[in-house]
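What follows is the content of model28.cif (mmCIF, N, CA and C atoms and all ligand atoms).
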data_target
loop_
_atom_site.label_atom_id
_atom_site.label_comp_id
_atom_site.auth_asym_id
_atom_site.auth_seq_id
_atom_site.Cartn_x
_atom_site.Cartn_y
_atom_site.Cartn_z
N MET A 1 0.86 -1.19 0.00
CA MET A 1 0.00 0.00 0.00
C MET A 1 0.90 1.24 0.00
N ASP A 2 0.64 2.14 -0.97
CA ASP A 2 1.46 3.35 -1.00
C ASP A 2 0.95 4.39 0.00
N ARG A 3 1.72 5.44 0.14
CA ARG A 3 1.42 6.46 1.15
C ARG A 3 0.05 7.11 0.92
N ARG A 4 -0.24 7.43 -0.35
CA ARG A 4 -1.50 8.11 -0.68
C ARG A 4 -2.70 7.20 -0.34
N THR A 5 -2.61 5.92 -0.71
CA THR A 5 -3.69 4.98 -0.42
C THR A 5 -3.87 4.81 1.08
N PHE A 6 -2.71 4.70 1.79
CA PHE A 6 -2.75 4.55 3.25
C PHE A 6 -3.45 5.75 3.90
N THR A 7 -3.08 6.97 3.49
CA THR A 7 -3.67 8.18 4.06
C THR A 7 -5.17 8.23 3.78
N LYS A 8 -5.57 7.91 2.54
CA LYS A 8 -6.99 7.94 2.18
C LYS A 8 -7.77 6.91 3.01
N THR A 9 -7.20 5.72 3.18
CA THR A 9 -7.85 4.68 3.97
C THR A 9 -8.02 5.11 5.42
N CYS A 10 -6.97 5.73 5.99
CA CYS A 10 -7.04 6.19 7.38
C CYS A 10 -8.12 7.25 7.55
N ILE A 11 -8.22 8.18 6.62
CA ILE A 11 -9.23 9.24 6.72
C ILE A 11 -10.64 8.63 6.66
N GLU A 12 -10.81 7.64 5.78
CA GLU A 12 -12.12 6.99 5.68
C GLU A 12 -12.47 6.25 6.97
N CYS A 13 -11.45 5.56 7.54
CA CYS A 13 -11.70 4.82 8.79
C CYS A 13 -12.05 5.77 9.93
N VAL A 14 -11.27 6.84 10.07
CA VAL A 14 -11.53 7.79 11.14
C VAL A 14 -12.90 8.42 10.96
N GLY A 15 -13.24 8.78 9.73
CA GLY A 15 -14.56 9.36 9.46
C GLY A 15 -15.68 8.40 9.79
N GLY A 16 -15.45 7.12 9.51
CA GLY A 16 -16.48 6.13 9.79
C GLY A 16 -16.70 5.89 11.27
N VAL A 17 -15.67 6.13 12.09
CA VAL A 17 -15.77 5.91 13.53
C VAL A 17 -16.20 7.19 14.25
N ILE A 18 -15.56 8.30 13.93
CA ILE A 18 -15.79 9.53 14.69
C ILE A 18 -17.09 10.22 14.32
N ILE A 19 -17.41 10.31 13.04
CA ILE A 19 -18.61 11.06 12.64
C ILE A 19 -19.89 10.47 13.24
N PRO A 20 -20.12 9.13 13.19
CA PRO A 20 -21.34 8.63 13.84
C PRO A 20 -21.40 8.94 15.33
N SER A 21 -20.26 8.84 16.03
CA SER A 21 -20.29 9.14 17.47
C SER A 21 -20.55 10.62 17.71
N MET A 22 -20.09 11.49 16.79
CA MET A 22 -20.39 12.91 16.93
C MET A 22 -21.88 13.16 16.75
N LEU A 23 -22.50 12.43 15.83
CA LEU A 23 -23.93 12.62 15.61
C LEU A 23 -24.72 12.21 16.84
N ILE A 24 -24.32 11.11 17.48
CA ILE A 24 -25.00 10.68 18.70
C ILE A 24 -24.85 11.76 19.76
N GLY A 25 -23.61 12.28 19.89
CA GLY A 25 -23.35 13.30 20.88
C GLY A 25 -24.11 14.59 20.62
N CYS A 26 -24.50 14.83 19.37
CA CYS A 26 -25.19 16.06 19.03
C CYS A 26 -26.69 15.99 19.26
N GLN A 27 -27.21 14.81 19.64
CA GLN A 27 -28.64 14.73 19.90
C GLN A 27 -29.01 15.73 20.99
N THR A 28 -30.13 16.38 20.79
CA THR A 28 -30.59 17.33 21.79
C THR A 28 -31.07 16.58 23.01
N THR A 29 -30.59 17.00 24.17
CA THR A 29 -31.02 16.36 25.41
C THR A 29 -32.39 16.90 25.80
N TYR A 30 -33.28 16.00 26.10
CA TYR A 30 -34.65 16.37 26.46
C TYR A 30 -34.82 16.20 27.97
N TYR A 31 -35.30 17.25 28.61
CA TYR A 31 -35.52 17.22 30.06
C TYR A 31 -37.01 17.25 30.35
N THR A 32 -37.40 16.56 31.42
CA THR A 32 -38.78 16.60 31.89
C THR A 32 -38.78 16.63 33.41
N ASN A 33 -39.81 17.24 33.98
CA ASN A 33 -39.96 17.21 35.45
C ASN A 33 -40.54 15.90 35.93
N GLY A 34 -41.28 15.22 35.05
CA GLY A 34 -42.01 14.05 35.47
C GLY A 34 -43.14 14.44 36.43
N THR A 35 -43.87 13.45 36.89
CA THR A 35 -44.95 13.70 37.85
C THR A 35 -44.67 12.87 39.10
N LEU A 36 -44.54 13.58 40.23
CA LEU A 36 -44.28 12.86 41.48
C LEU A 36 -45.51 12.09 41.91
N GLU A 37 -45.29 10.87 42.33
CA GLU A 37 -46.37 10.03 42.86
C GLU A 37 -45.92 9.53 44.23
N ALA A 38 -46.77 8.76 44.88
CA ALA A 38 -46.48 8.34 46.25
C ALA A 38 -45.13 7.64 46.38
N ASN A 39 -44.81 6.72 45.48
CA ASN A 39 -43.60 5.93 45.62
C ASN A 39 -42.58 6.13 44.51
N GLY A 40 -42.84 7.12 43.70
CA GLY A 40 -41.90 7.31 42.60
C GLY A 40 -42.27 8.50 41.73
N ILE A 41 -41.85 8.41 40.51
CA ILE A 41 -42.07 9.50 39.57
C ILE A 41 -42.44 8.87 38.23
N SER A 42 -43.37 9.51 37.54
CA SER A 42 -43.80 8.96 36.25
C SER A 42 -43.59 9.98 35.14
N VAL A 43 -43.39 9.45 33.95
CA VAL A 43 -43.29 10.30 32.77
C VAL A 43 -44.16 9.67 31.68
N SER A 44 -44.60 10.49 30.77
CA SER A 44 -45.41 10.00 29.66
C SER A 44 -44.51 9.34 28.62
N VAL A 45 -44.97 8.23 28.08
CA VAL A 45 -44.22 7.54 27.01
C VAL A 45 -43.99 8.50 25.84
N SER A 46 -44.94 9.39 25.61
CA SER A 46 -44.84 10.30 24.45
C SER A 46 -43.66 11.27 24.57
N GLU A 47 -43.09 11.39 25.76
CA GLU A 47 -41.96 12.31 25.90
C GLU A 47 -40.71 11.80 25.18
N PHE A 48 -40.72 10.54 24.80
CA PHE A 48 -39.61 10.01 24.01
C PHE A 48 -39.75 10.33 22.53
N ASN A 49 -40.91 10.81 22.12
CA ASN A 49 -41.18 11.01 20.70
C ASN A 49 -40.97 12.45 20.28
N TYR A 50 -40.46 12.62 19.07
CA TYR A 50 -40.44 13.94 18.46
C TYR A 50 -40.44 13.81 16.95
N ILE A 51 -40.71 14.91 16.32
CA ILE A 51 -40.78 14.93 14.85
C ILE A 51 -39.60 15.75 14.33
N LYS A 52 -38.90 15.17 13.37
CA LYS A 52 -37.79 15.89 12.73
C LYS A 52 -37.93 15.70 11.22
N LYS A 53 -38.08 16.80 10.52
CA LYS A 53 -38.26 16.76 9.06
C LYS A 53 -39.35 15.77 8.66
N ASP A 54 -40.51 15.88 9.32
CA ASP A 54 -41.68 15.04 9.05
C ASP A 54 -41.48 13.57 9.38
N LYS A 55 -40.41 13.23 10.07
CA LYS A 55 -40.18 11.84 10.46
C LYS A 55 -40.36 11.71 11.96
N ALA A 56 -41.08 10.67 12.36
CA ALA A 56 -41.26 10.39 13.79
C ALA A 56 -39.99 9.72 14.31
N ILE A 57 -39.45 10.28 15.35
CA ILE A 57 -38.20 9.76 15.92
C ILE A 57 -38.42 9.47 17.40
N ILE A 58 -37.79 8.41 17.87
CA ILE A 58 -37.87 8.06 19.29
C ILE A 58 -36.52 8.34 19.93
N ARG A 59 -36.56 9.14 20.99
CA ARG A 59 -35.32 9.45 21.69
C ARG A 59 -34.73 8.20 22.34
N GLN A 60 -33.42 8.18 22.42
CA GLN A 60 -32.70 7.07 23.07
C GLN A 60 -32.83 7.19 24.59
N TYR A 61 -32.87 8.42 25.07
CA TYR A 61 -33.00 8.65 26.51
C TYR A 61 -33.60 10.01 26.76
N ILE A 62 -34.16 10.19 27.95
CA ILE A 62 -34.58 11.50 28.42
C ILE A 62 -34.06 11.66 29.85
N ILE A 63 -34.02 12.89 30.32
CA ILE A 63 -33.52 13.14 31.67
C ILE A 63 -34.64 13.71 32.53
N VAL A 64 -34.89 13.04 33.64
CA VAL A 64 -35.91 13.48 34.59
C VAL A 64 -35.22 14.33 35.65
N ARG A 65 -35.59 15.60 35.66
CA ARG A 65 -34.96 16.56 36.59
C ARG A 65 -36.10 17.18 37.38
N ASN A 66 -36.12 16.94 38.69
CA ASN A 66 -37.21 17.41 39.52
C ASN A 66 -36.63 17.94 40.82
N ASP A 67 -37.21 19.02 41.35
CA ASP A 67 -36.70 19.62 42.59
C ASP A 67 -36.67 18.63 43.75
N LYS A 68 -37.50 17.63 43.70
CA LYS A 68 -37.57 16.64 44.78
C LYS A 68 -36.48 15.58 44.66
N LEU A 69 -35.77 15.57 43.56
CA LEU A 69 -34.70 14.60 43.36
C LEU A 69 -33.36 15.25 43.66
N GLU A 70 -32.51 14.57 44.40
CA GLU A 70 -31.19 15.10 44.72
C GLU A 70 -30.34 15.21 43.45
N PHE A 71 -30.48 14.22 42.56
CA PHE A 71 -29.78 14.20 41.28
C PHE A 71 -30.79 13.83 40.20
N PRO A 72 -30.56 14.25 38.98
CA PRO A 72 -31.46 13.83 37.90
C PRO A 72 -31.37 12.32 37.66
N ILE A 73 -32.35 11.81 36.95
CA ILE A 73 -32.37 10.40 36.57
C ILE A 73 -32.36 10.33 35.05
N CYS A 74 -31.45 9.54 34.51
CA CYS A 74 -31.40 9.34 33.07
C CYS A 74 -32.21 8.08 32.76
N LEU A 75 -33.23 8.25 31.93
CA LEU A 75 -34.13 7.15 31.58
C LEU A 75 -33.83 6.71 30.16
N TYR A 76 -33.20 5.55 30.03
CA TYR A 76 -32.86 5.00 28.71
C TYR A 76 -33.98 4.09 28.22
N ARG A 77 -34.27 4.19 26.94
CA ARG A 77 -35.28 3.35 26.32
C ARG A 77 -34.61 2.29 25.45
N PHE A 78 -34.96 1.02 25.66
CA PHE A 78 -34.43 -0.06 24.84
C PHE A 78 -35.52 -0.65 23.94
N SER A 79 -36.78 -0.57 24.40
CA SER A 79 -37.92 -1.01 23.60
C SER A 79 -39.17 -0.42 24.26
N ASP A 80 -40.36 -0.74 23.73
CA ASP A 80 -41.61 -0.21 24.28
C ASP A 80 -41.76 -0.50 25.77
N ARG A 81 -41.23 -1.63 26.20
CA ARG A 81 -41.42 -2.05 27.59
C ARG A 81 -40.12 -2.11 28.40
N GLU A 82 -39.01 -1.85 27.76
CA GLU A 82 -37.74 -2.00 28.47
C GLU A 82 -37.01 -0.66 28.60
N TYR A 83 -36.83 -0.27 29.85
CA TYR A 83 -36.17 1.00 30.17
C TYR A 83 -35.19 0.76 31.31
N THR A 84 -34.23 1.66 31.41
CA THR A 84 -33.34 1.68 32.56
C THR A 84 -33.34 3.09 33.13
N ALA A 85 -33.51 3.21 34.44
CA ALA A 85 -33.49 4.50 35.11
C ALA A 85 -32.25 4.56 35.99
N LEU A 86 -31.36 5.49 35.69
CA LEU A 86 -30.07 5.58 36.38
C LEU A 86 -29.92 6.93 37.07
N LEU A 87 -29.54 6.88 38.35
CA LEU A 87 -29.26 8.11 39.08
C LEU A 87 -27.96 8.70 38.53
N MET A 88 -28.03 9.97 38.16
CA MET A 88 -26.88 10.60 37.51
C MET A 88 -25.90 11.16 38.55
N LYS A 89 -25.52 10.29 39.46
CA LYS A 89 -24.57 10.65 40.52
C LYS A 89 -23.38 9.70 40.40
N CYS A 90 -22.22 10.28 40.15
CA CYS A 90 -21.02 9.45 39.99
C CYS A 90 -20.74 8.70 41.29
N THR A 91 -20.40 7.42 41.15
CA THR A 91 -20.13 6.60 42.34
C THR A 91 -18.71 6.78 42.85
N HIS A 92 -17.93 7.60 42.18
CA HIS A 92 -16.57 7.87 42.67
C HIS A 92 -16.62 8.90 43.80
N GLN A 93 -17.01 10.13 43.48
CA GLN A 93 -17.07 11.16 44.53
C GLN A 93 -18.33 12.01 44.44
N GLY A 94 -19.33 11.51 43.75
CA GLY A 94 -20.65 12.14 43.80
C GLY A 94 -20.90 13.29 42.86
N ASN A 95 -20.08 13.48 41.85
CA ASN A 95 -20.32 14.55 40.88
C ASN A 95 -21.52 14.19 40.00
N GLU A 96 -22.24 15.21 39.52
CA GLU A 96 -23.36 14.95 38.61
C GLU A 96 -22.82 14.55 37.23
N LEU A 97 -23.42 13.52 36.65
CA LEU A 97 -22.97 12.99 35.36
C LEU A 97 -23.62 13.72 34.20
N GLN A 98 -23.00 13.60 33.04
CA GLN A 98 -23.55 14.12 31.79
C GLN A 98 -23.88 12.93 30.90
N ALA A 99 -25.03 12.98 30.25
CA ALA A 99 -25.42 11.91 29.33
C ALA A 99 -25.02 12.30 27.91
N SER A 100 -24.52 11.31 27.18
CA SER A 100 -24.17 11.53 25.78
C SER A 100 -24.31 10.19 25.07
N GLY A 101 -25.31 10.10 24.21
CA GLY A 101 -25.55 8.83 23.52
C GLY A 101 -25.85 7.74 24.52
N ASP A 102 -25.15 6.64 24.39
CA ASP A 102 -25.42 5.51 25.29
C ASP A 102 -24.44 5.45 26.46
N GLN A 103 -23.86 6.60 26.79
CA GLN A 103 -22.94 6.64 27.93
C GLN A 103 -23.22 7.82 28.84
N LEU A 104 -22.82 7.65 30.09
CA LEU A 104 -22.85 8.73 31.06
C LEU A 104 -21.41 9.02 31.45
N HIS A 105 -21.07 10.29 31.46
CA HIS A 105 -19.68 10.69 31.65
C HIS A 105 -19.57 11.61 32.86
N CYS A 106 -18.48 11.45 33.62
CA CYS A 106 -18.22 12.33 34.76
C CYS A 106 -17.09 13.29 34.40
N SER A 107 -17.39 14.57 34.49
CA SER A 107 -16.38 15.57 34.12
C SER A 107 -15.32 15.76 35.22
N ALA A 108 -15.56 15.24 36.42
CA ALA A 108 -14.61 15.47 37.51
C ALA A 108 -13.30 14.71 37.30
N HIS A 109 -13.39 13.40 37.10
CA HIS A 109 -12.17 12.60 36.96
C HIS A 109 -12.25 11.60 35.81
N GLY A 110 -13.28 11.70 34.99
CA GLY A 110 -13.32 10.91 33.76
C GLY A 110 -14.00 9.56 33.81
N SER A 111 -14.69 9.23 34.88
CA SER A 111 -15.39 7.94 34.89
C SER A 111 -16.49 7.92 33.82
N GLU A 112 -16.74 6.72 33.30
CA GLU A 112 -17.81 6.55 32.32
C GLU A 112 -18.63 5.32 32.69
N PHE A 113 -19.92 5.40 32.36
CA PHE A 113 -20.86 4.32 32.67
C PHE A 113 -21.67 4.04 31.41
N ASP A 114 -22.03 2.77 31.23
CA ASP A 114 -22.85 2.46 30.06
C ASP A 114 -24.33 2.71 30.37
N ASN A 115 -25.19 2.44 29.38
CA ASN A 115 -26.61 2.76 29.54
C ASN A 115 -27.37 1.77 30.43
N LYS A 116 -26.63 0.84 31.02
CA LYS A 116 -27.21 -0.04 32.05
C LYS A 116 -26.66 0.32 33.43
N GLY A 117 -25.78 1.33 33.46
CA GLY A 117 -25.22 1.81 34.72
C GLY A 117 -23.91 1.14 35.12
N LYS A 118 -23.38 0.29 34.27
CA LYS A 118 -22.12 -0.40 34.61
C LYS A 118 -20.93 0.50 34.34
N VAL A 119 -19.92 0.38 35.21
CA VAL A 119 -18.70 1.16 35.03
C VAL A 119 -18.03 0.72 33.73
N ALA A 120 -17.77 1.70 32.85
CA ALA A 120 -17.05 1.42 31.61
C ALA A 120 -15.60 1.89 31.72
N GLN A 121 -15.41 2.90 32.59
CA GLN A 121 -14.06 3.42 32.79
C GLN A 121 -13.98 4.06 34.17
N GLY A 122 -12.92 3.77 34.92
CA GLY A 122 -12.73 4.33 36.26
C GLY A 122 -12.28 5.76 36.21
N PRO A 123 -12.03 6.32 37.36
CA PRO A 123 -11.73 5.67 38.64
C PRO A 123 -12.93 5.10 39.41
N ALA A 124 -14.16 5.42 39.03
CA ALA A 124 -15.30 4.83 39.74
C ALA A 124 -15.20 3.30 39.66
N GLU A 125 -15.58 2.64 40.76
CA GLU A 125 -15.53 1.17 40.79
C GLU A 125 -16.91 0.56 40.93
N GLU A 126 -17.87 1.34 41.45
CA GLU A 126 -19.23 0.83 41.63
C GLU A 126 -20.13 1.28 40.49
N ASN A 127 -21.06 0.40 40.14
CA ASN A 127 -22.05 0.75 39.13
C ASN A 127 -23.00 1.82 39.66
N LEU A 128 -23.73 2.46 38.76
CA LEU A 128 -24.67 3.50 39.16
C LEU A 128 -25.87 2.90 39.87
N ARG A 129 -26.49 3.71 40.72
CA ARG A 129 -27.74 3.29 41.33
C ARG A 129 -28.81 3.28 40.25
N SER A 130 -29.57 2.22 40.21
CA SER A 130 -30.66 2.16 39.23
C SER A 130 -31.97 1.89 39.96
N PHE A 131 -33.06 2.23 39.30
CA PHE A 131 -34.39 2.08 39.89
C PHE A 131 -35.22 1.13 39.03
N LYS A 132 -36.14 0.43 39.68
CA LYS A 132 -37.07 -0.41 38.93
C LYS A 132 -37.95 0.48 38.07
N VAL A 133 -38.25 0.00 36.88
CA VAL A 133 -39.08 0.76 35.95
C VAL A 133 -40.19 -0.15 35.45
N SER A 134 -41.41 0.37 35.42
CA SER A 134 -42.50 -0.36 34.79
C SER A 134 -43.14 0.56 33.76
N ALA A 135 -43.65 -0.04 32.70
CA ALA A 135 -44.20 0.78 31.62
C ALA A 135 -45.45 0.13 31.03
N ASP A 136 -46.40 0.99 30.66
CA ASP A 136 -47.53 0.51 29.87
C ASP A 136 -47.58 1.37 28.60
N HIS A 137 -48.72 1.42 27.93
CA HIS A 137 -48.79 2.15 26.66
C HIS A 137 -48.60 3.65 26.82
N ASP A 138 -49.01 4.17 27.97
CA ASP A 138 -49.01 5.63 28.14
C ASP A 138 -47.96 6.15 29.11
N LYS A 139 -47.61 5.34 30.08
CA LYS A 139 -46.84 5.87 31.20
C LYS A 139 -45.67 4.98 31.59
N ILE A 140 -44.61 5.64 32.01
CA ILE A 140 -43.44 4.93 32.54
C ILE A 140 -43.32 5.34 34.00
N PHE A 141 -43.23 4.35 34.87
CA PHE A 141 -43.14 4.64 36.30
C PHE A 141 -41.77 4.22 36.82
N ILE A 142 -41.09 5.16 37.49
CA ILE A 142 -39.79 4.89 38.11
C ILE A 142 -40.02 4.76 39.60
N ASP A 143 -39.73 3.58 40.13
CA ASP A 143 -39.98 3.32 41.55
C ASP A 143 -38.77 3.79 42.36
N LEU A 144 -38.93 4.88 43.08
CA LEU A 144 -37.81 5.46 43.83
C LEU A 144 -37.51 4.70 45.12
N ARG A 145 -38.33 3.72 45.46
CA ARG A 145 -38.06 2.91 46.65
C ARG A 145 -37.02 1.84 46.36
N SER A 146 -36.84 1.53 45.08
CA SER A 146 -35.95 0.42 44.72
C SER A 146 -34.50 0.83 44.70
S1 LIG A 201 -16.42 12.14 40.90
FE1 LIG A 201 -16.79 11.13 39.03
S2 LIG A 201 -14.90 10.32 38.44
FE2 LIG A 201 -14.50 11.31 40.34
#
Here is a file; write its structure as structure tokens.
Ligand code: FES
Amino acid sequence: MDRRTFTKTCIECVGGVIIPSMLIGCQTTYYTNGTLEANGISVSVSEFNYIKKDKAIIRQYIIVRNDKLEFPICLYRFSDREYTALLMKCTHQGNELQASGDQLHCSAHGSEFDNKGKVAQGPAEENLRSFKVSADHDKIFIDLRS
């Protein structure tokens, strides 16, 4: 492989890896207060939906931010009935996490967590706190007792 071919191949590879991850990172983060209930907080299933250029799109995650919560909760959607609710509090030293695509990142010391709350990169060693989630056609309920 000559130098020109090698350089062209590298640019194509980098573009194929970096550009899709940039697009995920550019998704607009959607925040909701949710509705406080006796044992938890609920959000409407429709809050995952939006329209872009006449196309119906389903958000990968939304963030529930409510004055009654010490930290926001990132609610990831995997299917109509499968969600994960993760407390956005870093298990290293308690910094608030940032969501980006299918990862949660800590700006304090660089820990990363996947969309199931598992540590992907330290220094954090413990997984994120997660809550039980139940869903029907209209509503998603996050059980804060769990
Ligand atoms: S507080 Fe998050 S990595 Fe240290």
**Report entry** Pairwise distance for CA of Ala108 in chain A and CA of Leu87 in chain A, rounded to one decimal in Å
**Finding:**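 Spanning CA of Ala108 in chain A to CA of Leu87 in chain A is a straight-line distance of 16.5 Å.
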Requested in this report: Kindly give the distance, in Å, that separates atom N of Lys68 in chain A and CA of Ala120 in chain A, rounded to a single decimal.
Outcome: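 We find that atom N of Lys68 in chain A and CA of Ala120 in chain A lie 28.8 Å from each other.
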Requested in this report: Could you please extract the residues within 12 Å of ligand LIG 201 (chain A), counting only C-alpha atoms and all ligand atoms, and hand them back as a ChimeraX atom specification?
Outcome: /A:88-98,104-113,119-128
Query raised in the report: Out of A:Ser79, A:Glu70, A:Ala99, A:Asn49, which residue has the shortest atom-to-atom distance to Asp136 in chain A when counting only C-alpha atoms?
Result: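 Checking each candidate against Asp136 in chain A, we get A:Ser79 as the closest.
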Requested in this report: List the neighbours of Tyr76 in chain A out to 8 Å using only C-alpha atoms; skip same-chain residues closer than 4 positions along the sequence, and give me the result as a ChimeraX atom specification.
Outcome: /A:60-62,83-85,115
Query - Contacts of Arg59 in chain A at 9 Å (only C-alpha atoms; same-chain gap of 4+ positions) as a VMD selection string - result: chain A and resid 27 29 to 30 47 to 50 76 to 77
Requested in this report: Check range 6-144 of chain A with DSSP on the backbone and list each residue it calls strand (DSSP E), as number ranges by chain.
Outcome: A: 31-32, 35-36, 40-44, 49-52, 55-58, 61-64, 73-77, 83-87, 98-100, 103-105, 112-114, 119-121, 130-135, 139-143
Report summary line: Taken to one decimal, the CA of Gly117 in chain A-CA of Leu36 in chain A distance is 23.0 Å
Requested in this report: Please identify which residues in range 17-131 of chain A DSSP calls alpha helix (DSSP H) from the backbone, and express them as a ChimeraX atom specification.
Outcome: /A:17-25
Query raised in the report: Using only C-alpha atoms, which of A:Lys118, A:Ala38, A:Val64, A:Cys74 sits nearest Gly101 in chain A?
Result: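 Ranking A:Lys118, A:Ala38, A:Val64, A:Cys74 by distance to Gly101 in chain A, first place goes to A:Cys74.
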Query raised in the report: Hey, can you pull every residue with an atom no more than 9 Å from (-45.5, 5.8, 33.3), using only C-alpha atoms, and send it as a PyMOL selection string?
Result: chain A and resi 41-45+133-142
Report task. Point out the residue among A:Gly40, A:Ser100, A:Thr32, A:Lys53 with the least atom-to-atom distance to Arg145 in chain A, counting only N, CA and C atoms. Result -> A:Gly40
Is there a way to complete range 27-43 of chain A with N, CA, C and O atoms and then write that out as a short mmCIF file (atom, residue, chain, number, x, y, z; two decimals), in the frame of the given file?
data_model
loop_
_atom_site.label_atom_id
_atom_site.label_comp_id
_atom_site.auth_asym_id
_atom_site.auth_seq_id
_atom_site.Cartn_x
_atom_site.Cartn_y
_atom_site.Cartn_z
N GLN A 27 -27.21 14.81 19.64
CA GLN A 27 -28.64 14.73 19.90
C GLN A 27 -29.01 15.73 20.99
O GLN A 27 -28.29 15.88 21.96
N THR A 28 -30.13 16.38 20.79
CA THR A 28 -30.59 17.33 21.79
C THR A 28 -31.07 16.58 23.01
O THR A 28 -31.85 15.65 22.91
N THR A 29 -30.59 17.00 24.17
CA THR A 29 -31.02 16.36 25.41
C THR A 29 -32.39 16.90 25.80
O THR A 29 -32.61 18.11 25.81
N TYR A 30 -33.28 16.00 26.10
CA TYR A 30 -34.65 16.37 26.46
C TYR A 30 -34.82 16.20 27.97
O TYR A 30 -34.50 15.15 28.52
N TYR A 31 -35.30 17.25 28.61
CA TYR A 31 -35.52 17.22 30.06
C TYR A 31 -37.01 17.25 30.35
O TYR A 31 -37.78 17.89 29.66
N THR A 32 -37.40 16.56 31.42
CA THR A 32 -38.78 16.60 31.89
C THR A 32 -38.78 16.63 33.41
O THR A 32 -37.86 16.10 34.05
N ASN A 33 -39.81 17.24 33.98
CA ASN A 33 -39.96 17.21 35.45
C ASN A 33 -40.54 15.90 35.93
O ASN A 33 -40.38 15.53 37.08
N GLY A 34 -41.28 15.22 35.05
CA GLY A 34 -42.01 14.05 35.47
C GLY A 34 -43.14 14.44 36.43
O GLY A 34 -43.34 15.62 36.71
N THR A 35 -43.87 13.45 36.89
CA THR A 35 -44.95 13.70 37.85
C THR A 35 -44.67 12.87 39.10
O THR A 35 -44.56 11.65 39.03
N LEU A 36 -44.54 13.58 40.23
CA LEU A 36 -44.28 12.86 41.48
C LEU A 36 -45.51 12.09 41.91
O LEU A 36 -46.63 12.61 41.86
N GLU A 37 -45.29 10.87 42.33
CA GLU A 37 -46.37 10.03 42.86
C GLU A 37 -45.92 9.53 44.23
O GLU A 37 -44.82 9.83 44.67
N ALA A 38 -46.77 8.76 44.88
CA ALA A 38 -46.48 8.34 46.25
C ALA A 38 -45.13 7.64 46.38
O ALA A 38 -44.35 7.93 47.29
N ASN A 39 -44.81 6.72 45.48
CA ASN A 39 -43.60 5.93 45.62
C ASN A 39 -42.58 6.13 44.51
O ASN A 39 -41.62 5.37 44.40
N GLY A 40 -42.84 7.12 43.70
CA GLY A 40 -41.90 7.31 42.60
C GLY A 40 -42.27 8.50 41.73
O GLY A 40 -42.93 9.44 42.16
N ILE A 41 -41.85 8.41 40.51
CA ILE A 41 -42.07 9.50 39.57
C ILE A 41 -42.44 8.87 38.23
O ILE A 41 -41.92 7.83 37.86
N SER A 42 -43.37 9.51 37.54
CA SER A 42 -43.80 8.96 36.25
C SER A 42 -43.59 9.98 35.14
O SER A 42 -43.58 11.19 35.37
N VAL A 43 -43.39 9.45 33.95
CA VAL A 43 -43.29 10.30 32.77
C VAL A 43 -44.16 9.67 31.68
O VAL A 43 -44.40 8.46 31.67
#
